[in-house]
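> Structure: final-v7.txt, compact mmCIF, C-alpha atoms.
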```txt
# COMPACT_ATOMS: atom_id res chain seq x y z
CA MET A 1 0.00 0.00 0.00
CA ILE A 2 1.33 3.42 -0.95
CA PHE A 3 -0.95 5.04 1.57
CA SER A 4 -3.53 4.16 4.14
CA VAL A 5 -5.61 6.76 5.92
CA LYS A 6 -8.42 6.45 8.41
CA PHE A 7 -10.82 9.36 9.02
CA PRO A 8 -13.08 9.19 12.08
CA SER A 9 -16.19 10.53 10.37
CA ALA A 10 -17.15 8.85 7.09
CA ASP A 11 -20.25 10.99 6.53
CA TYR A 12 -18.23 14.22 6.92
CA PHE A 13 -15.65 12.93 4.44
CA ALA A 14 -18.51 12.12 2.04
CA ASP A 15 -19.79 15.72 2.41
CA LEU A 16 -16.29 17.04 1.66
CA MET A 17 -16.12 14.97 -1.52
CA LYS A 18 -19.57 16.25 -2.50
CA ALA A 19 -18.25 19.78 -1.94
CA VAL A 20 -15.38 19.14 -4.36
CA THR A 21 -17.84 17.92 -7.01
CA ALA A 22 -19.48 21.36 -6.98
CA VAL A 23 -16.58 22.28 -9.30
CA VAL A 24 -15.21 19.09 -10.86
CA GLU A 25 -16.39 15.60 -11.61
CA GLU A 26 -12.89 14.17 -11.55
CA GLY A 27 -9.63 15.41 -10.14
CA THR A 28 -6.11 14.55 -9.10
CA PHE A 29 -5.38 14.24 -5.39
CA VAL A 30 -1.78 14.66 -4.35
CA VAL A 31 -1.21 12.50 -1.28
CA ASP A 32 2.03 12.79 0.67
CA GLN A 33 3.36 12.43 4.21
CA GLU A 34 1.55 15.61 5.28
CA GLY A 35 -1.93 15.01 3.90
CA MET A 36 -4.07 15.03 0.78
CA LYS A 37 -4.64 17.98 -1.54
CA LEU A 38 -6.57 18.70 -4.69
CA THR A 39 -6.71 21.84 -6.81
CA ALA A 40 -8.88 21.80 -9.91
CA MET A 41 -10.80 24.05 -12.27
CA ASP A 42 -14.07 23.24 -13.97
CA PRO A 43 -13.82 22.67 -17.76
CA ALA A 44 -14.99 26.23 -18.49
CA HIS A 45 -12.39 27.68 -16.09
CA ILE A 46 -15.03 29.75 -14.32
CA SER A 47 -14.52 28.15 -10.90
CA LEU A 48 -11.70 26.54 -8.97
CA VAL A 49 -11.66 24.35 -5.88
CA ASN A 50 -8.72 24.10 -3.51
CA PHE A 51 -9.15 21.26 -1.03
CA GLU A 52 -6.82 19.95 1.62
CA LEU A 53 -7.01 17.55 4.55
CA THR A 54 -3.86 17.30 6.65
CA LYS A 55 -2.84 14.15 8.49
CA ALA A 56 -4.05 15.83 11.71
CA ALA A 57 -7.60 15.23 10.47
CA ALA A 58 -6.95 11.49 10.36
CA GLU A 59 -7.14 8.91 13.11
CA GLU A 60 -4.38 6.93 11.42
CA TYR A 61 -2.23 8.12 8.54
CA SER A 62 0.61 6.50 6.67
CA CYS A 63 2.04 7.38 3.28
CA GLU A 64 5.20 5.77 1.87
CA LYS A 65 5.80 8.34 -0.85
CA GLN A 66 3.99 11.14 -2.68
CA VAL A 67 1.45 9.84 -5.13
CA GLU A 68 -0.93 11.48 -7.59
CA LEU A 69 -4.30 9.86 -7.69
CA THR A 70 -6.78 10.82 -10.41
CA ILE A 71 -10.26 9.66 -9.58
CA ASN A 72 -13.83 10.23 -10.59
CA ILE A 73 -14.96 12.01 -7.43
CA ASN A 74 -18.63 11.65 -8.37
CA GLU A 75 -18.15 7.88 -8.38
CA LEU A 76 -16.29 8.00 -5.05
CA HIS A 77 -19.10 10.04 -3.57
CA LYS A 78 -21.69 7.54 -4.86
CA LEU A 79 -19.88 4.80 -2.92
CA ILE A 80 -19.72 6.69 0.36
CA ARG A 81 -22.77 8.96 0.32
CA LYS A 82 -24.76 6.54 2.45
CA ALA A 83 -22.07 6.52 5.12
CA LYS A 84 -23.54 6.82 8.58
CA LYS A 85 -22.54 9.19 11.36
CA ASN A 86 -20.86 6.51 13.44
CA GLU A 87 -18.90 4.98 10.58
CA ILE A 88 -15.15 5.32 10.12
CA ILE A 89 -13.70 5.56 6.61
CA THR A 90 -10.39 4.01 5.57
CA LEU A 91 -8.82 4.84 2.21
CA GLU A 92 -6.01 2.66 0.90
CA TYR A 93 -4.25 2.90 -2.43
CA ASP A 94 -2.63 -0.01 -4.19
CA ASP A 95 -0.15 1.39 -6.71
CA GLU A 96 0.19 -1.90 -8.62
CA LYS A 97 -3.51 -2.42 -9.19
CA LYS A 98 -4.10 1.34 -9.53
CA ARG A 99 -7.07 0.93 -7.28
CA LEU A 100 -8.42 2.87 -4.31
CA SER A 101 -9.97 0.77 -1.60
CA VAL A 102 -12.64 2.40 0.56
CA THR A 103 -13.76 0.73 3.79
CA LEU A 104 -16.63 1.93 5.97
CA THR A 105 -16.45 0.48 9.46
CA ASN A 106 -19.05 0.69 12.19
CA PRO A 107 -17.25 -0.36 15.40
CA ALA A 108 -20.43 -0.43 17.51
CA ALA A 109 -22.24 -2.77 15.12
CA SER A 110 -19.07 -4.65 14.10
CA THR A 111 -19.81 -4.19 10.41
CA GLU A 112 -17.42 -3.43 7.59
CA ARG A 113 -18.40 -2.34 4.07
CA ARG A 114 -15.67 -2.42 1.45
CA PHE A 115 -15.60 -0.83 -2.02
CA THR A 116 -12.90 -0.45 -4.62
CA LEU A 117 -12.59 2.30 -7.19
CA ASN A 118 -10.34 2.17 -10.24
CA THR A 119 -8.19 5.25 -10.65
CA LEU A 120 -7.97 7.17 -13.92
CA GLU A 121 -4.98 8.02 -16.09
CA THR A 122 -3.47 11.34 -14.99
CA VAL A 123 -3.23 13.34 -18.20
CA THR A 124 -3.31 17.01 -17.35
CA GLY A 125 -0.63 18.78 -15.35
CA LYS A 126 -0.81 21.00 -12.30
CA THR A 127 -3.76 23.41 -12.19
CA PRO A 128 -2.55 27.01 -12.31
CA VAL A 129 -3.97 29.14 -9.49
CA PRO A 130 -4.55 32.90 -9.92
CA ASN A 131 -2.47 34.95 -7.52
CA LEU A 132 -5.07 37.31 -6.08
CA SER A 133 -5.24 39.91 -3.35
CA PHE A 134 -8.55 41.14 -2.03
CA GLU A 135 -9.83 44.55 -0.96
CA ALA A 136 -12.56 43.35 1.38
CA LYS A 137 -13.36 40.36 3.53
CA ALA A 138 -16.47 39.21 5.40
CA ARG A 139 -17.12 36.27 7.65
CA VAL A 140 -20.77 35.31 7.40
CA SER A 141 -23.19 32.58 8.39
CA ALA A 142 -23.12 29.96 5.61
CA GLU A 143 -26.87 29.42 6.03
CA ALA A 144 -27.72 33.14 5.77
CA PHE A 145 -25.49 33.38 2.70
CA ARG A 146 -27.13 30.30 1.15
CA VAL A 147 -30.63 31.72 1.65
CA ALA A 148 -29.60 35.05 0.10
CA ILE A 149 -28.11 33.29 -2.92
CA GLU A 150 -31.20 31.12 -3.29
CA ASP A 151 -33.37 34.26 -3.20
CA ALA A 152 -31.17 35.94 -5.82
CA ALA A 153 -31.66 32.93 -8.10
CA THR A 154 -35.43 33.44 -8.09
CA VAL A 155 -35.10 36.56 -10.25
CA SER A 156 -31.88 36.20 -12.23
CA ASP A 157 -29.05 33.92 -13.31
CA TYR A 158 -26.36 36.13 -11.80
CA ALA A 159 -25.90 37.97 -8.51
CA LYS A 160 -23.92 40.99 -7.40
CA LEU A 161 -21.92 40.56 -4.19
CA THR A 162 -21.08 43.74 -2.33
CA ILE A 163 -18.99 44.13 0.79
CA ALA A 164 -19.35 47.57 2.37
CA PRO A 165 -17.76 48.62 5.69
CA ASP A 166 -21.16 48.12 7.39
CA ALA A 167 -22.86 45.30 5.46
CA VAL A 168 -22.71 42.44 2.99
CA ILE A 169 -25.27 42.84 0.21
CA ILE A 170 -26.37 40.15 -2.23
CA SER A 171 -28.50 41.52 -5.05
CA SER A 172 -29.81 40.41 -8.41
CA LYS A 173 -31.79 41.88 -11.25
CA GLY A 174 -33.83 40.04 -13.86
CA GLU A 175 -36.22 40.99 -16.65
CA MET A 176 -39.19 40.57 -14.34
CA GLY A 177 -37.88 41.95 -11.09
CA SER A 178 -35.07 42.40 -8.64
CA HIS A 179 -33.83 41.16 -5.26
CA SER A 180 -31.57 42.42 -2.49
CA THR A 181 -30.52 40.90 0.84
CA LYS A 182 -28.57 42.97 3.35
CA LEU A 183 -26.60 41.09 5.99
CA ALA A 184 -25.34 43.37 8.75
CA PRO A 185 -23.06 42.76 11.75
CA GLY A 186 -24.57 42.61 15.20
CA GLY A 187 -26.87 39.70 14.54
CA THR A 188 -26.39 36.06 13.61
CA ALA A 189 -25.62 36.60 9.91
CA VAL A 190 -22.33 38.54 9.84
CA PHE A 191 -19.48 37.78 12.22
CA GLU A 192 -16.84 40.15 10.88
CA ILE A 193 -16.26 42.65 8.05
CA GLU A 194 -12.91 44.07 6.94
CA ALA A 195 -13.49 46.73 4.29
CA GLN A 196 -12.15 50.26 3.89
CA HIS A 197 -14.63 51.06 1.13
CA GLU A 198 -17.41 49.35 -0.79
CA VAL A 199 -16.40 46.71 -3.37
CA SER A 200 -18.65 44.63 -5.59
CA ALA A 201 -18.62 42.15 -8.46
CA SER A 202 -21.20 39.94 -10.20
CA PHE A 203 -21.08 36.17 -10.52
CA SER A 204 -23.03 33.41 -12.20
CA LEU A 205 -25.61 32.01 -9.80
CA ASN A 206 -25.16 28.62 -11.42
CA TYR A 207 -21.71 28.44 -9.79
CA LEU A 208 -22.55 30.39 -6.60
CA GLU A 209 -25.55 28.20 -5.77
CA LYS A 210 -23.69 24.91 -6.20
CA ILE A 211 -20.71 26.09 -4.17
CA ILE A 212 -22.64 27.68 -1.30
CA LYS A 213 -24.91 24.66 -1.03
CA ALA A 214 -21.92 22.31 -0.92
CA GLY A 215 -19.93 24.50 1.48
CA LYS A 216 -22.87 24.88 3.83
CA THR A 217 -22.99 21.12 4.39
CA VAL A 218 -19.42 21.10 5.77
CA ALA A 219 -19.14 24.43 7.57
CA GLU A 220 -21.35 26.82 9.50
CA GLU A 221 -19.57 29.91 8.29
CA SER A 222 -18.24 31.20 5.03
CA VAL A 223 -15.49 33.71 4.40
CA ILE A 224 -16.07 35.94 1.37
CA GLU A 225 -13.04 37.76 -0.06
CA LEU A 226 -13.80 40.28 -2.78
CA SER A 227 -12.37 43.01 -5.01
CA SER A 228 -14.29 45.00 -7.60
CA ASN A 229 -14.72 43.03 -10.84
CA ARG A 230 -12.19 40.40 -9.81
CA PRO A 231 -12.73 36.75 -8.82
CA VAL A 232 -14.34 36.06 -5.45
CA LYS A 233 -12.80 33.67 -2.96
CA LEU A 234 -15.20 31.68 -0.82
CA SER A 235 -13.71 29.66 2.04
CA PHE A 236 -15.42 27.23 4.34
CA PRO A 237 -13.43 26.38 7.51
CA VAL A 238 -12.70 22.66 7.66
CA PRO A 239 -11.00 21.18 10.77
CA SER A 240 -7.36 20.37 9.92
CA GLY A 241 -8.02 21.20 6.32
CA LYS A 242 -9.03 23.69 3.70
CA LEU A 243 -11.99 24.12 1.36
CA GLU A 244 -11.72 27.20 -0.84
CA TYR A 245 -13.30 28.20 -4.11
CA LEU A 246 -12.64 30.91 -6.66
CA ILE A 247 -15.28 32.08 -9.13
CA ALA A 248 -14.50 34.34 -12.09
CA PRO A 249 -16.61 37.51 -12.29
CA ARG A 250 -19.23 38.18 -14.84
CA ILE A 251 -18.25 41.31 -16.73
CA GLU A 252 -21.26 43.47 -17.53
CA MET B 1 -18.40 21.57 -49.19
CA PHE B 2 -19.02 24.19 -46.48
CA LYS B 3 -22.64 25.17 -46.42
CA ALA B 4 -22.35 28.39 -44.46
CA VAL B 5 -20.00 30.07 -46.91
CA LEU B 6 -20.85 33.58 -45.75
CA MET B 7 -19.97 32.99 -42.11
CA PRO B 8 -16.66 34.30 -40.74
CA GLY B 9 -13.99 31.67 -41.17
CA ALA B 10 -15.77 30.05 -44.12
CA ASN B 11 -13.29 31.43 -46.65
CA GLU B 12 -10.28 30.23 -44.69
CA LEU B 13 -11.84 26.79 -44.31
CA GLU B 14 -12.51 26.67 -48.04
CA LYS B 15 -8.87 27.51 -48.72
CA ILE B 16 -7.77 24.66 -46.45
CA ALA B 17 -10.29 22.33 -48.12
CA ALA B 18 -8.99 23.30 -51.56
CA GLU B 19 -5.47 22.34 -50.47
CA ILE B 20 -6.68 19.05 -49.02
CA VAL B 21 -8.46 17.90 -52.20
CA THR B 22 -5.25 18.33 -54.19
CA CYS B 23 -2.91 17.10 -51.43
CA VAL B 24 -0.27 14.49 -52.32
CA LYS B 25 1.69 14.59 -49.06
CA CYS B 26 1.14 10.92 -48.26
CA PRO B 27 0.33 7.75 -50.23
CA LEU B 28 -3.35 7.83 -49.27
CA HIS B 29 -4.05 10.24 -52.12
CA LYS B 30 -3.36 7.50 -54.66
CA ASN B 31 -6.50 5.49 -53.96
CA ARG B 32 -8.98 8.19 -53.03
CA ALA B 33 -12.07 8.99 -55.05
CA ASN B 34 -12.52 12.15 -52.99
CA ALA B 35 -10.65 13.73 -50.14
CA VAL B 36 -12.87 14.57 -47.16
CA PRO B 37 -11.79 17.88 -45.58
CA GLY B 38 -14.74 18.10 -43.17
CA GLU B 39 -17.91 20.11 -42.97
CA GLY B 40 -20.05 22.16 -40.66
CA ASN B 41 -20.27 25.49 -38.95
CA PRO B 42 -17.12 27.62 -39.30
CA ARG B 43 -17.91 29.14 -35.86
CA ALA B 44 -18.81 25.81 -34.24
CA GLU B 45 -18.55 25.54 -30.47
CA VAL B 46 -18.08 21.79 -30.88
CA MET B 47 -15.72 20.07 -33.29
CA LEU B 48 -15.94 16.30 -33.70
CA ILE B 49 -12.89 14.41 -34.94
CA GLY B 50 -12.95 10.84 -36.15
CA GLU B 51 -10.24 8.58 -37.55
CA ALA B 52 -10.50 8.63 -41.34
CA PRO B 53 -13.06 8.58 -44.15
CA GLY B 54 -14.65 5.21 -44.99
CA ALA B 55 -16.00 3.95 -48.31
CA GLU B 56 -19.16 6.07 -48.38
CA GLU B 57 -17.29 9.17 -47.23
CA ASP B 58 -14.68 8.61 -49.94
CA LYS B 59 -17.48 8.31 -52.50
CA GLN B 60 -19.30 11.48 -51.39
CA GLY B 61 -16.39 13.60 -50.16
CA ARG B 62 -18.27 14.24 -46.90
CA PRO B 63 -17.46 13.03 -43.36
CA PHE B 64 -19.60 10.56 -41.41
CA VAL B 65 -22.22 9.82 -44.07
CA GLY B 66 -22.15 6.00 -43.77
CA ALA B 67 -23.54 3.75 -41.05
CA ALA B 68 -21.34 5.31 -38.35
CA GLY B 69 -22.48 8.73 -39.53
CA ARG B 70 -26.11 7.71 -39.08
CA LEU B 71 -25.44 6.76 -35.46
CA LEU B 72 -23.52 9.99 -34.93
CA ASN B 73 -26.46 11.96 -36.37
CA GLU B 74 -28.84 10.09 -34.06
CA ALA B 75 -26.65 10.84 -31.03
CA LEU B 76 -26.30 14.51 -31.97
CA GLU B 77 -30.03 14.87 -32.53
CA LYS B 78 -30.93 13.14 -29.25
CA ALA B 79 -28.57 15.48 -27.41
CA GLY B 80 -30.14 18.51 -29.05
CA PHE B 81 -27.35 19.33 -31.51
CA SER B 82 -28.00 19.85 -35.20
CA ARG B 83 -25.31 18.61 -37.56
CA GLU B 84 -25.13 22.13 -39.00
CA GLU B 85 -24.05 23.69 -35.71
CA VAL B 86 -21.01 21.46 -35.20
CA PHE B 87 -17.95 20.87 -37.37
CA ILE B 88 -17.06 17.29 -38.26
CA THR B 89 -13.77 16.05 -39.63
CA ASN B 90 -11.16 13.30 -39.27
CA ILE B 91 -7.51 12.94 -38.32
CA VAL B 92 -6.66 11.99 -41.93
CA LYS B 93 -8.67 13.36 -44.80
CA CYS B 94 -8.30 10.46 -47.28
CA ARG B 95 -9.55 6.90 -46.95
CA PRO B 96 -6.90 4.33 -45.97
CA PRO B 97 -7.10 1.12 -48.06
CA ARG B 98 -9.55 -1.42 -46.60
CA ASN B 99 -10.30 1.09 -43.83
CA ARG B 100 -7.09 0.23 -42.00
CA VAL B 101 -5.89 2.51 -39.21
CA PRO B 102 -3.86 5.37 -40.71
CA THR B 103 -0.13 5.04 -40.11
CA GLU B 104 1.87 7.49 -38.01
CA ASP B 105 3.43 8.97 -41.17
CA GLU B 106 0.01 9.48 -42.76
CA ARG B 107 -1.32 11.15 -39.60
CA ARG B 108 1.75 13.35 -39.31
CA ALA B 109 1.42 14.45 -42.95
CA CYS B 110 -2.25 15.31 -42.51
CA LEU B 111 -2.23 16.91 -39.02
CA PRO B 112 -1.26 20.45 -40.15
CA TYR B 113 -4.62 20.65 -41.96
CA LEU B 114 -6.46 19.74 -38.75
CA HIS B 115 -4.46 22.23 -36.72
CA ARG B 116 -5.30 24.96 -39.22
CA GLN B 117 -8.98 24.03 -39.11
CA LEU B 118 -8.86 24.23 -35.30
CA GLU B 119 -7.23 27.66 -35.40
CA VAL B 120 -9.93 28.99 -37.75
CA ILE B 121 -12.92 27.47 -35.93
CA LYS B 122 -11.58 27.81 -32.37
CA PRO B 123 -14.14 25.39 -30.91
CA LYS B 124 -14.87 25.52 -27.20
CA ILE B 125 -14.65 21.78 -27.01
CA ILE B 126 -13.17 19.12 -29.28
CA CYS B 127 -14.85 15.73 -29.17
CA LEU B 128 -12.48 12.91 -30.11
CA LEU B 129 -14.26 9.88 -31.52
CA GLY B 130 -12.34 6.70 -30.78
CA ARG B 131 -8.81 5.52 -30.23
CA THR B 132 -7.03 7.01 -33.24
CA PRO B 133 -7.79 10.68 -32.54
CA LEU B 134 -7.14 10.06 -28.82
CA GLU B 135 -3.71 8.56 -29.53
CA THR B 136 -2.86 11.22 -32.10
CA LEU B 137 -3.90 14.31 -30.16
CA ILE B 138 -3.60 13.29 -26.49
CA GLY B 139 -1.43 10.21 -26.10
CA PRO B 140 -1.36 6.40 -25.99
CA TYR B 141 -4.37 5.82 -23.74
CA SER B 142 -7.18 3.31 -23.85
CA ILE B 143 -10.43 4.84 -25.12
CA SER B 144 -12.50 2.48 -22.97
CA LYS B 145 -10.74 3.85 -19.88
CA MET B 146 -10.80 7.46 -21.03
CA ARG B 147 -14.30 7.80 -22.49
CA GLY B 148 -16.61 10.34 -20.90
CA ARG B 149 -13.69 12.44 -19.63
CA THR B 150 -12.67 15.99 -20.46
CA ILE B 151 -8.96 16.62 -20.85
CA GLU B 152 -7.15 19.91 -21.30
CA LYS B 153 -4.10 19.89 -23.52
CA ASP B 154 -2.23 22.52 -25.53
CA GLY B 155 -4.85 25.12 -24.65
CA TRP B 156 -7.73 23.03 -26.03
CA LEU B 157 -10.49 21.29 -24.12
CA PHE B 158 -11.05 17.73 -25.37
CA PHE B 159 -13.94 15.39 -24.64
CA LEU B 160 -13.43 11.70 -25.28
CA THR B 161 -15.84 9.03 -26.46
CA TYR B 162 -16.01 5.95 -28.65
CA HIS B 163 -16.03 6.04 -32.44
CA PRO B 164 -19.66 5.50 -33.49
CA ALA B 165 -18.53 2.61 -35.73
CA ALA B 166 -17.51 0.71 -32.57
CA ALA B 167 -20.93 1.32 -31.04
CA ILE B 168 -23.16 0.32 -33.96
CA TYR B 169 -23.38 -3.40 -33.17
CA ASN B 170 -22.65 -3.24 -29.44
CA PRO B 171 -25.72 -2.13 -27.44
CA SER B 172 -23.80 -1.28 -24.27
CA LEU B 173 -21.22 0.80 -26.16
CA LYS B 174 -24.06 2.45 -28.07
CA GLU B 175 -25.78 3.40 -24.84
CA GLN B 176 -22.53 4.85 -23.46
CA PHE B 177 -21.88 6.68 -26.73
CA LEU B 178 -25.35 8.28 -26.67
CA LYS B 179 -24.84 9.27 -23.02
CA ASP B 180 -21.43 10.75 -23.81
CA ILE B 181 -22.80 12.95 -26.58
CA GLN B 182 -25.52 14.07 -24.17
CA LYS B 183 -22.79 14.94 -21.66
CA LEU B 184 -20.99 16.88 -24.40
CA ARG B 185 -24.13 18.99 -24.78
CA GLU B 186 -24.23 19.62 -21.03
CA LEU B 187 -20.59 20.70 -21.05
CA ILE B 188 -21.40 23.30 -23.70
CA HIS B 189 -24.36 24.54 -21.68
CA ARG B 190 -22.15 24.81 -18.63
CA ASP B 191 -19.59 26.85 -20.52
CA GLU B 192 -20.46 30.42 -19.64
CA ARG B 193 -17.25 31.98 -20.85
CA ARG B 194 -19.14 33.86 -23.51
CA ARG B 195 -21.11 35.67 -20.78
CA GLY B 196 -18.30 36.38 -18.38
CA SER B 197 -14.62 36.16 -17.76
CA SER B 198 -12.66 33.02 -16.94
CA LEU B 199 -10.08 32.54 -14.20
CA ASP B 200 -7.40 32.30 -16.91
CA GLU B 201 -7.59 36.08 -17.27
CA PHE B 202 -6.37 36.45 -13.68
CA LEU B 203 -3.42 34.04 -13.82
```
Can you give me the file's structure in the form of structure tokens?

Amino acid sequence: MIFSVKFPSADYFADLMKAVTAVVEEGTFVVDQEGMKLTAMDPAHISLVNFELTKAAAEEYSCEKQVELTININELHKLIRKAKKNEIITLEYDDEKKRLSVTLTNPAASTERRFTLNTLETVTGKTPVPNLSFEAKARVSAEAFRVAIEDAATVSDYAKLTIAPDAVIISSKGEMGSHSTKLAPGGTAVFEIEAQHEVSASFSLNYLEKIIKAGKTVAEESVIELSSNRPVKLSFPVPSGKLEYLIAPRIE
Amino acid sequence: MFKAVLMPGANELEKIAAEIVTCVKCPLHKNRANAVPGEGNPRAEVMLIGEAPGAEEDKQGRPFVGAAGRLLNEALEKAGFSREEVFITNIVKCRPPRNRVPTEDERRACLPYLHRQLEVIKPKIICLLGRTPLETLIGPYSISKMRGRTIEKDGWLFFLTYHPAAAIYNPSLKEQFLKDIQKLRELIHRDERRRGSSLDEFL
């Protein structure tokens, strides 16, 4: 075995994989002595996901050498999506058979479910990541953000995100009407805002909706980093890991 | 040969086609009735690339007009594409004797025409039909392992599926082929570059 890793919460790992599929169907994980990472863009290069789980997230972790593992993450998620809260997940990779073995163990019930998944040929190289700096940052409730994005989608296929020194505003405008949600600090929706002045940019709701929905299942808060008419960075805090997305702006 | 002659790019494609029909760069020209440069929309978002013309294509000078072409038309139609909105061509533009796989030398001689067609059309996605275009444009991979995947290479986005000729008499391959072409349609729908920017602009 090149690597063997055991995570204590199989259903949380399944949610993380689902979150990655908000951007890509397949991707290349780089697994080394420190943890597992994946950076990938969707085929249209509108969105990017940057995912990482360090070995600190694992109950047991061993990796002989760095390996690149290209897998169909949709298929992996299909195998593990029915994982239960009290199940442990073990991932093992056999370099000779080019196969990932996934075991779901329920210690209380003494049951063990085992799946294998064939890996794919790694064809494309490293995903380039835009080097961005942001003018404004807000830490918001993932649920409040999700509801605002869902509301925006009722009138349009794109939404404008605005971070002002005193509020986060999600607005949209369609042929038939418009929408605006203001999230202000002091309540349960906004935890922190860092902005010297107001910045805003518009994004496809197709991408925003998928990403917020996926991120909300793994984290209670979302960090929005924004500059005017530049990509937005959305981060969802993951224990001993990282789940970040970039979405390219829609230029009016 | 190209129906939409007034569209941008049509003239350039006609020039390339004119060179192809008189091409003698490899031995395949000796036995051809007609060269088959390709046909379709000069501004196509999707370009489909097969292996080589067969007997019917050689006779008519048009790509995918035989039995495999009928299955391709069926798949395109079911996925909501019209044949007129895509561009269809092959790796080599002349029929190899007894429909054998074109040799490396034949492919190498013919590839500049394909590259020029790609530069004129600039498709958003290039659908490779079968092993020969996969080997020629991506690398020595198995099509059965690679089908259904999108691969980025040399600045192009490729989508991989079986050659329709392989799927005609194999119901499970046919089902996968039809699904793949449906997925190709979804990939085009998902591509919103025309309405916004892409992350590439910020690299």
> Applying 9 Å and all atoms listed in the file, which residues near Leu91 of chain A remain after dropping the ones on its own chain fewer than 6 positions away? List them as a PyMOL selection string.
chain A and resi 3-7+100-103
> Pull out every residue of chain A sitting within 6 Å of chain B, counting all atoms listed in the file, and send them as a PDB file with C-alpha atoms, in the frame of the given file.

```
ATOM      1  CA  ALA A  44     -14.990  26.230 -18.490  1.00  0.00           C
ATOM      2  CA  HIS A  45     -12.390  27.680 -16.090  1.00  0.00           C
ATOM      3  CA  ILE A  46     -15.030  29.750 -14.320  1.00  0.00           C
ATOM      4  CA  PRO A 130      -4.550  32.900  -9.920  1.00  0.00           C
ATOM      5  CA  ALA A 248     -14.500  34.340 -12.090  1.00  0.00           C
ATOM      6  CA  PRO A 249     -16.610  37.510 -12.290  1.00  0.00           C
ATOM      7  CA  ARG A 250     -19.230  38.180 -14.840  1.00  0.00           C
ATOM      8  CA  ILE A 251     -18.250  41.310 -16.730  1.00  0.00           C
TER       9      ILE A 251
END
```
> Report the centre and edge lengths, in Å to one decimal, of an axis-aligned box enclosing every atom of segment 148-163 of chain A listed in the file, padded by 4 Å on each side, as JSON.

```
{"center_x": -27.2, "center_y": 37.6, "center_z": -6.3, "size_x": 24.4, "size_y": 21.0, "size_z": 22.1}
```
> Find the residues around segment 132-149 of chain A up to 7 Å (all atoms listed in the file counted), leave out those fewer than 5 positions away in its own chain, and share them as a PyMOL selection string.
chain A and resi 163+170+181+189-195+199+209+212-213+216+220-227
> Identify the residues around (-14.7, 9.9, 10.2) within a radius of 9 Å, measuring from only C-alpha atoms in the coordinates stated by the file, and give them as an MDAnalysis selection string.
chainID A and resid 6:13 57:59 85:90
> Got a sec: who's within 10 Å of segment 74-85 of chain B, counting only C-alpha atoms, leaving out chain neighbours fewer than 3 positions off, as an MDAnalysis selection string?
chainID B and resid 2:4 39:47 68:71 88 164 174:175 177:186
> Quote the spacing between atom CA of Ser172 of chain A and atom CA of Thr154 of chain A in Å to one decimal place.
9.0 Å
